[in-house]
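Colleague: Sharing work.pdb (PDB, C-alpha atoms) below.
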MODEL        1
ATOM      1  CA  MET A   1       0.000   0.000   0.000  1.00  0.00           C
ATOM      2  CA  LYS A   2       2.843   2.388   0.833  1.00  0.00           C
ATOM      3  CA  ARG A   3       4.459   1.655  -2.516  1.00  0.00           C
ATOM      4  CA  VAL A   4       1.247   2.464  -4.356  1.00  0.00           C
ATOM      5  CA  LEU A   5       0.878   5.766  -2.505  1.00  0.00           C
ATOM      6  CA  LEU A   6       4.527   6.607  -3.149  1.00  0.00           C
ATOM      7  CA  ALA A   7       4.134   5.799  -6.854  1.00  0.00           C
ATOM      8  CA  LEU A   8       1.008   7.973  -7.053  1.00  0.00           C
ATOM      9  CA  ALA A   9       2.779  10.839  -5.304  1.00  0.00           C
ATOM     10  CA  ILE A  10       5.744  10.634  -7.690  1.00  0.00           C
ATOM     11  CA  THR A  11       3.425  10.466 -10.708  1.00  0.00           C
ATOM     12  CA  PHE A  12       1.439  13.483  -9.471  1.00  0.00           C
ATOM     13  CA  ALA A  13       4.638  15.472  -8.915  1.00  0.00           C
ATOM     14  CA  ALA A  14       5.908  14.600 -12.399  1.00  0.00           C
ATOM     15  CA  VAL A  15       2.610  15.546 -14.053  1.00  0.00           C
ATOM     16  CA  ASN A  16       2.431  18.796 -12.072  1.00  0.00           C
ATOM     17  CA  ALA A  17       6.022  19.706 -12.998  1.00  0.00           C
ATOM     18  CA  SER A  18       5.329  18.876 -16.639  1.00  0.00           C
ATOM     19  CA  ALA A  19       2.226  21.090 -16.664  1.00  0.00           C
ATOM     20  CA  GLN A  20       4.164  23.958 -15.122  1.00  0.00           C
ATOM     21  CA  ALA A  21       6.959  23.530 -17.700  1.00  0.00           C
ATOM     22  CA  GLN A  22       4.467  23.772 -20.591  1.00  0.00           C
ATOM     23  CA  LYS A  23       3.183  27.186 -19.508  1.00  0.00           C
ATOM     24  CA  HIS A  24       4.619  30.129 -21.382  1.00  0.00           C
ATOM     25  CA  MET A  25       5.500  33.356 -19.596  1.00  0.00           C
ATOM     26  CA  VAL A  26       3.602  36.321 -21.086  1.00  0.00           C
ATOM     27  CA  TYR A  27       3.870  40.020 -20.293  1.00  0.00           C
ATOM     28  CA  ILE A  28       0.776  42.046 -21.195  1.00  0.00           C
ATOM     29  CA  GLU A  29       1.718  45.553 -22.175  1.00  0.00           C
ATOM     30  CA  PRO A  30      -0.408  48.124 -20.277  1.00  0.00           C
ATOM     31  CA  THR A  31      -2.854  50.250 -22.251  1.00  0.00           C
ATOM     32  CA  GLU A  32      -4.229  53.671 -21.436  1.00  0.00           C
ATOM     33  CA  ASP A  33      -7.764  52.300 -21.124  1.00  0.00           C
ATOM     34  CA  GLY A  34      -6.828  49.393 -18.803  1.00  0.00           C
ATOM     35  CA  PHE A  35      -7.783  46.639 -21.252  1.00  0.00           C
ATOM     36  CA  GLU A  36      -4.831  44.523 -20.015  1.00  0.00           C
ATOM     37  CA  VAL A  37      -6.829  43.704 -16.867  1.00  0.00           C
ATOM     38  CA  TYR A  38      -9.597  42.182 -18.978  1.00  0.00           C
ATOM     39  CA  LEU A  39      -7.017  40.252 -21.014  1.00  0.00           C
ATOM     40  CA  THR A  40      -5.354  38.832 -17.903  1.00  0.00           C
ATOM     41  CA  ALA A  41      -8.687  37.644 -16.509  1.00  0.00           C
ATOM     42  CA  ALA A  42      -9.731  36.167 -19.848  1.00  0.00           C
ATOM     43  CA  LEU A  43      -6.465  34.231 -20.261  1.00  0.00           C
ATOM     44  CA  HIS A  44      -7.043  32.595 -16.888  1.00  0.00           C
ATOM     45  CA  LYS A  45     -10.754  31.981 -17.492  1.00  0.00           C
ATOM     46  CA  LYS A  46     -10.214  30.350 -20.897  1.00  0.00           C
ATOM     47  CA  GLY A  47      -7.340  28.160 -19.663  1.00  0.00           C
ATOM     48  CA  VAL A  48      -4.708  29.517 -22.022  1.00  0.00           C
ATOM     49  CA  PRO A  49      -1.419  27.749 -21.122  1.00  0.00           C
ATOM     50  CA  VAL A  50       0.375  30.948 -20.076  1.00  0.00           C
ATOM     51  CA  SER A  51       1.513  32.573 -16.879  1.00  0.00           C
ATOM     52  CA  VAL A  52       1.078  36.334 -16.897  1.00  0.00           C
ATOM     53  CA  VAL A  53       4.113  38.066 -15.407  1.00  0.00           C
ATOM     54  CA  SER A  54       4.504  41.680 -14.329  1.00  0.00           C
ATOM     55  CA  ASN A  55       8.175  41.864 -15.336  1.00  0.00           C
ATOM     56  CA  ARG A  56       8.832  42.066 -19.077  1.00  0.00           C
ATOM     57  CA  GLU A  57      12.335  40.576 -18.603  1.00  0.00           C
ATOM     58  CA  LEU A  58      10.870  37.256 -17.365  1.00  0.00           C
ATOM     59  CA  ALA A  59       8.498  36.851 -20.303  1.00  0.00           C
ATOM     60  CA  ALA A  60       9.017  34.763 -23.423  1.00  0.00           C
ATOM     61  CA  PHE A  61       6.214  36.740 -25.112  1.00  0.00           C
ATOM     62  CA  THR A  62       4.674  40.198 -24.945  1.00  0.00           C
ATOM     63  CA  LEU A  63       0.986  40.608 -25.706  1.00  0.00           C
ATOM     64  CA  LYS A  64       0.358  44.083 -27.114  1.00  0.00           C
ATOM     65  CA  ALA A  65      -3.208  45.346 -27.368  1.00  0.00           C
ATOM     66  CA  ALA A  66      -4.429  48.429 -29.157  1.00  0.00           C
ATOM     67  CA  GLU A  67      -6.805  50.710 -27.288  1.00  0.00           C
ATOM     68  CA  VAL A  68     -10.421  49.657 -27.571  1.00  0.00           C
ATOM     69  CA  GLN A  69     -12.090  51.846 -30.205  1.00  0.00           C
ATOM     70  CA  VAL A  70     -15.771  52.475 -29.469  1.00  0.00           C
ATOM     71  CA  GLU A  71     -18.048  53.645 -32.279  1.00  0.00           C
ATOM     72  CA  LYS A  72     -21.104  55.247 -30.737  1.00  0.00           C
ATOM     73  CA  GLN A  73     -24.390  55.458 -32.608  1.00  0.00           C
ATOM     74  CA  SER A  74     -26.125  58.806 -32.240  1.00  0.00           C
ATOM     75  CA  THR A  75     -29.638  58.943 -30.842  1.00  0.00           C
ATOM     76  CA  GLY A  76     -30.924  60.418 -34.102  1.00  0.00           C
ATOM     77  CA  SER A  77     -29.438  57.594 -36.110  1.00  0.00           C
ATOM     78  CA  LYS A  78     -31.008  55.036 -33.780  1.00  0.00           C
ATOM     79  CA  VAL A  79     -34.441  56.652 -34.070  1.00  0.00           C
ATOM     80  CA  ALA A  80     -34.192  56.910 -37.855  1.00  0.00           C
ATOM     81  CA  ARG A  81     -33.250  53.251 -38.201  1.00  0.00           C
ATOM     82  CA  CYS A  82     -36.126  52.159 -36.006  1.00  0.00           C
ATOM     83  CA  LEU A  83     -38.633  54.324 -37.900  1.00  0.00           C
ATOM     84  CA  PHE A  84     -37.607  53.461 -41.459  1.00  0.00           C
ATOM     85  CA  ALA A  85     -35.988  50.060 -41.231  1.00  0.00           C
ATOM     86  CA  TYR A  86     -35.648  47.886 -38.173  1.00  0.00           C
ATOM     87  CA  CYS A  87     -34.060  48.335 -34.780  1.00  0.00           C
ATOM     88  CA  ALA A  88     -31.504  45.528 -35.043  1.00  0.00           C
ATOM     89  CA  GLY A  89     -27.875  46.550 -35.058  1.00  0.00           C
ATOM     90  CA  ILE A  90     -28.318  49.976 -33.491  1.00  0.00           C
ATOM     91  CA  GLU A  91     -26.082  49.415 -30.475  1.00  0.00           C
ATOM     92  CA  ASP A  92     -22.594  50.872 -30.149  1.00  0.00           C
ATOM     93  CA  SER A  93     -19.748  48.713 -31.414  1.00  0.00           C
ATOM     94  CA  ALA A  94     -16.138  48.336 -30.338  1.00  0.00           C
ATOM     95  CA  SER A  95     -12.986  46.879 -31.821  1.00  0.00           C
ATOM     96  CA  THR A  96      -9.402  46.190 -30.858  1.00  0.00           C
ATOM     97  CA  SER A  97      -6.486  44.112 -32.027  1.00  0.00           C
ATOM     98  CA  VAL A  98      -3.670  42.274 -30.292  1.00  0.00           C
ATOM     99  CA  THR A  99      -0.245  41.042 -31.302  1.00  0.00           C
ATOM    100  CA  LEU A 100       1.824  38.334 -29.609  1.00  0.00           C
ATOM    101  CA  VAL A 101       5.523  39.109 -29.987  1.00  0.00           C
ATOM    102  CA  SER A 102       8.359  36.775 -28.985  1.00  0.00           C
ATOM    103  CA  LYS A 103      11.335  37.913 -26.929  1.00  0.00           C
ATOM    104  CA  GLU A 104      13.318  37.957 -30.191  1.00  0.00           C
ATOM    105  CA  GLY A 105      10.855  40.476 -31.681  1.00  0.00           C
ATOM    106  CA  ILE A 106       9.065  38.042 -33.995  1.00  0.00           C
ATOM    107  CA  VAL A 107       5.320  38.553 -34.418  1.00  0.00           C
ATOM    108  CA  GLU A 108       4.011  35.088 -33.574  1.00  0.00           C
ATOM    109  CA  TRP A 109       0.271  35.743 -33.718  1.00  0.00           C
ATOM    110  CA  SER A 110      -2.171  38.589 -34.276  1.00  0.00           C
ATOM    111  CA  TYR A 111      -5.934  38.919 -33.939  1.00  0.00           C
ATOM    112  CA  SER A 112      -8.596  41.599 -34.352  1.00  0.00           C
ATOM    113  CA  VAL A 113     -12.015  41.514 -32.705  1.00  0.00           C
ATOM    114  CA  ASN A 114     -15.201  43.526 -33.238  1.00  0.00           C
ATOM    115  CA  LYS A 115     -18.140  43.305 -30.859  1.00  0.00           C
ATOM    116  CA  GLY A 116     -21.481  45.002 -30.463  1.00  0.00           C
ATOM    117  CA  ARG A 117     -22.485  46.864 -27.297  1.00  0.00           C
ATOM    118  CA  GLY A 118     -19.213  48.803 -27.415  1.00  0.00           C
ATOM    119  CA  SER A 119     -17.932  49.916 -24.055  1.00  0.00           C
ATOM    120  CA  LYS A 120     -20.068  47.390 -22.185  1.00  0.00           C
ATOM    121  CA  ASN A 121     -18.450  44.382 -23.845  1.00  0.00           C
ATOM    122  CA  ARG A 122     -14.727  44.560 -23.018  1.00  0.00           C
ATOM    123  CA  GLN A 123     -14.902  41.256 -21.165  1.00  0.00           C
ATOM    124  CA  SER A 124     -16.416  39.516 -24.186  1.00  0.00           C
ATOM    125  CA  MET A 125     -13.744  40.992 -26.461  1.00  0.00           C
ATOM    126  CA  ALA A 126     -10.949  39.855 -24.133  1.00  0.00           C
ATOM    127  CA  GLU A 127     -12.436  36.354 -23.892  1.00  0.00           C
ATOM    128  CA  ALA A 128     -12.630  36.113 -27.690  1.00  0.00           C
ATOM    129  CA  ILE A 129      -8.951  37.067 -27.876  1.00  0.00           C
ATOM    130  CA  ALA A 130      -8.017  34.483 -25.232  1.00  0.00           C
ATOM    131  CA  LYS A 131     -10.038  31.740 -26.944  1.00  0.00           C
ATOM    132  CA  HIS A 132      -8.430  32.385 -30.308  1.00  0.00           C
ATOM    133  CA  LEU A 133      -4.946  32.658 -28.796  1.00  0.00           C
ATOM    134  CA  LYS A 134      -5.428  29.256 -27.182  1.00  0.00           C
ATOM    135  CA  ASP A 135      -6.985  27.628 -30.267  1.00  0.00           C
ATOM    136  CA  ASP A 136      -4.970  29.281 -33.051  1.00  0.00           C
ATOM    137  CA  TYR A 137      -1.523  29.539 -31.496  1.00  0.00           C
ATOM    138  CA  PHE A 138      -0.994  27.259 -28.517  1.00  0.00           C
ATOM    139  CA  ARG A 139      -2.842  24.201 -29.866  1.00  0.00           C
ATOM    140  CA  LYS A 140      -0.720  24.309 -33.025  1.00  0.00           C
ATOM    141  CA  LYS A 141       2.484  24.454 -30.959  1.00  0.00           C
ATOM    142  CA  ARG A 142       1.880  21.058 -29.340  1.00  0.00           C
TER     143      ARG A 142
ENDMDL
END
Please go through the file and, once you have read it, give me the structure as structure tokens.
Modeller:
Amino acid sequence: MKRVLLALAITFAAVNASAQAQKHMVYIEPTEDGFEVYLTAALHKKGVPVSVVSNRELAAFTLKAAEVQVEKQSTGSKVARCLFAYCAGIEDSASTSVTLVSKEGIVEWSYSVNKGRGSKNRQSMAEAIAKHLKDDYFRKKR
């Protein structure tokens, strides 16, 4: 019984060490609008195999995000659309793009996202970025 427990403990330690070794260190460059906070949360939520570090020198990659651009619809435009057409698609929209750059300066991955509901949807935009980073970049690396 002791041997079985010892073997399980060794196996668990090896698997845990292997999982830690597979994580990539990423520094998220701060933006004026604070979007890096949403990106950090989204990377954790979506299970992207990265560890976010606060020191650029420790990172293998830097994730650079452009400021979120919000396109607001005027009240007059919303009223006109509802009167003469239909009310769908009258909410504000927002867009941003990100670039993953290696320590050597090589652009490894880039993505652009557009979402409706503009300023209210930063979390959704960050989660879309994290999902695509995981699916498009890190799954291909394995």
Colleague: Mind listing whatever residues come within 12 Å of the point (-14.3, 43.2, -23.7)? Use all atoms listed in the file, file coordinates, and give them as a ChimeraX atom specification.
Modeller: /A:33-42,65,67-70,93-97,113-130
Colleague: Keeping C-alpha atoms, export the residues of the selection given above as a PDB file, in the frame of the given file.
Modeller:
ATOM      1  CA  ASP A  33      -7.764  52.300 -21.124  1.00  0.00           C
ATOM      2  CA  GLY A  34      -6.828  49.393 -18.803  1.00  0.00           C
ATOM      3  CA  PHE A  35      -7.783  46.639 -21.252  1.00  0.00           C
ATOM      4  CA  GLU A  36      -4.831  44.523 -20.015  1.00  0.00           C
ATOM      5  CA  VAL A  37      -6.829  43.704 -16.867  1.00  0.00           C
ATOM      6  CA  TYR A  38      -9.597  42.182 -18.978  1.00  0.00           C
ATOM      7  CA  LEU A  39      -7.017  40.252 -21.014  1.00  0.00           C
ATOM      8  CA  THR A  40      -5.354  38.832 -17.903  1.00  0.00           C
ATOM      9  CA  ALA A  41      -8.687  37.644 -16.509  1.00  0.00           C
ATOM     10  CA  ALA A  42      -9.731  36.167 -19.848  1.00  0.00           C
ATOM     11  CA  ALA A  65      -3.208  45.346 -27.368  1.00  0.00           C
ATOM     12  CA  GLU A  67      -6.805  50.710 -27.288  1.00  0.00           C
ATOM     13  CA  VAL A  68     -10.421  49.657 -27.571  1.00  0.00           C
ATOM     14  CA  GLN A  69     -12.090  51.846 -30.205  1.00  0.00           C
ATOM     15  CA  VAL A  70     -15.771  52.475 -29.469  1.00  0.00           C
ATOM     16  CA  SER A  93     -19.748  48.713 -31.414  1.00  0.00           C
ATOM     17  CA  ALA A  94     -16.138  48.336 -30.338  1.00  0.00           C
ATOM     18  CA  SER A  95     -12.986  46.879 -31.821  1.00  0.00           C
ATOM     19  CA  THR A  96      -9.402  46.190 -30.858  1.00  0.00           C
ATOM     20  CA  SER A  97      -6.486  44.112 -32.027  1.00  0.00           C
ATOM     21  CA  VAL A 113     -12.015  41.514 -32.705  1.00  0.00           C
ATOM     22  CA  ASN A 114     -15.201  43.526 -33.238  1.00  0.00           C
ATOM     23  CA  LYS A 115     -18.140  43.305 -30.859  1.00  0.00           C
ATOM     24  CA  GLY A 116     -21.481  45.002 -30.463  1.00  0.00           C
ATOM     25  CA  ARG A 117     -22.485  46.864 -27.297  1.00  0.00           C
ATOM     26  CA  GLY A 118     -19.213  48.803 -27.415  1.00  0.00           C
ATOM     27  CA  SER A 119     -17.932  49.916 -24.055  1.00  0.00           C
ATOM     28  CA  LYS A 120     -20.068  47.390 -22.185  1.00  0.00           C
ATOM     29  CA  ASN A 121     -18.450  44.382 -23.845  1.00  0.00           C
ATOM     30  CA  ARG A 122     -14.727  44.560 -23.018  1.00  0.00           C
ATOM     31  CA  GLN A 123     -14.902  41.256 -21.165  1.00  0.00           C
ATOM     32  CA  SER A 124     -16.416  39.516 -24.186  1.00  0.00           C
ATOM     33  CA  MET A 125     -13.744  40.992 -26.461  1.00  0.00           C
ATOM     34  CA  ALA A 126     -10.949  39.855 -24.133  1.00  0.00           C
ATOM     35  CA  GLU A 127     -12.436  36.354 -23.892  1.00  0.00           C
ATOM     36  CA  ALA A 128     -12.630  36.113 -27.690  1.00  0.00           C
ATOM     37  CA  ILE A 129      -8.951  37.067 -27.876  1.00  0.00           C
ATOM     38  CA  ALA A 130      -8.017  34.483 -25.232  1.00  0.00           C
TER      39      ALA A 130
END
Colleague: Record the distance separating CA of Asp135 (chain A) and CA of Ala66 (chain A), expressed in Å with one decimal.
Modeller: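 So the answer is 21.0 Å.
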Colleague: Applied to the shown file, which residues does the PyMOL selection byres ((chain A and resi 134) around 12) return, written as a list in words?
Modeller: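 Taken on the displayed file, the PyMOL selection byres ((chain A and resi 134) around 12) yields the residues Lys23, His24, Ala42, Leu43, His44, Lys45, Lys46, Gly47, Val48, Pro49, Val50, Leu100, Trp109, Tyr111, Glu127, Ala128, Ile129, Ala130, Lys131, His132, Leu133, Asp135, Asp136, Tyr137, Phe138, Arg139, Lys140, Lys141 and Arg142 of chain A.
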Colleague: Nearest to Val53 (chain A): which of A:Asp92, A:Glu104, A:Thr99, A:Tyr27 is it, counting all atoms listed in the file?
Modeller: A:Tyr27
Colleague: Give the answer as one residue: which of A:Val98, A:Ser51, A:Thr31, A:Ile106 has the shortest atom-to-atom distance to Leu63 (chain A), using all atoms listed in the file?
Modeller: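 When distances to Leu63 (chain A) are compared using all atoms listed in the file, the smallest one comes from A:Val98.
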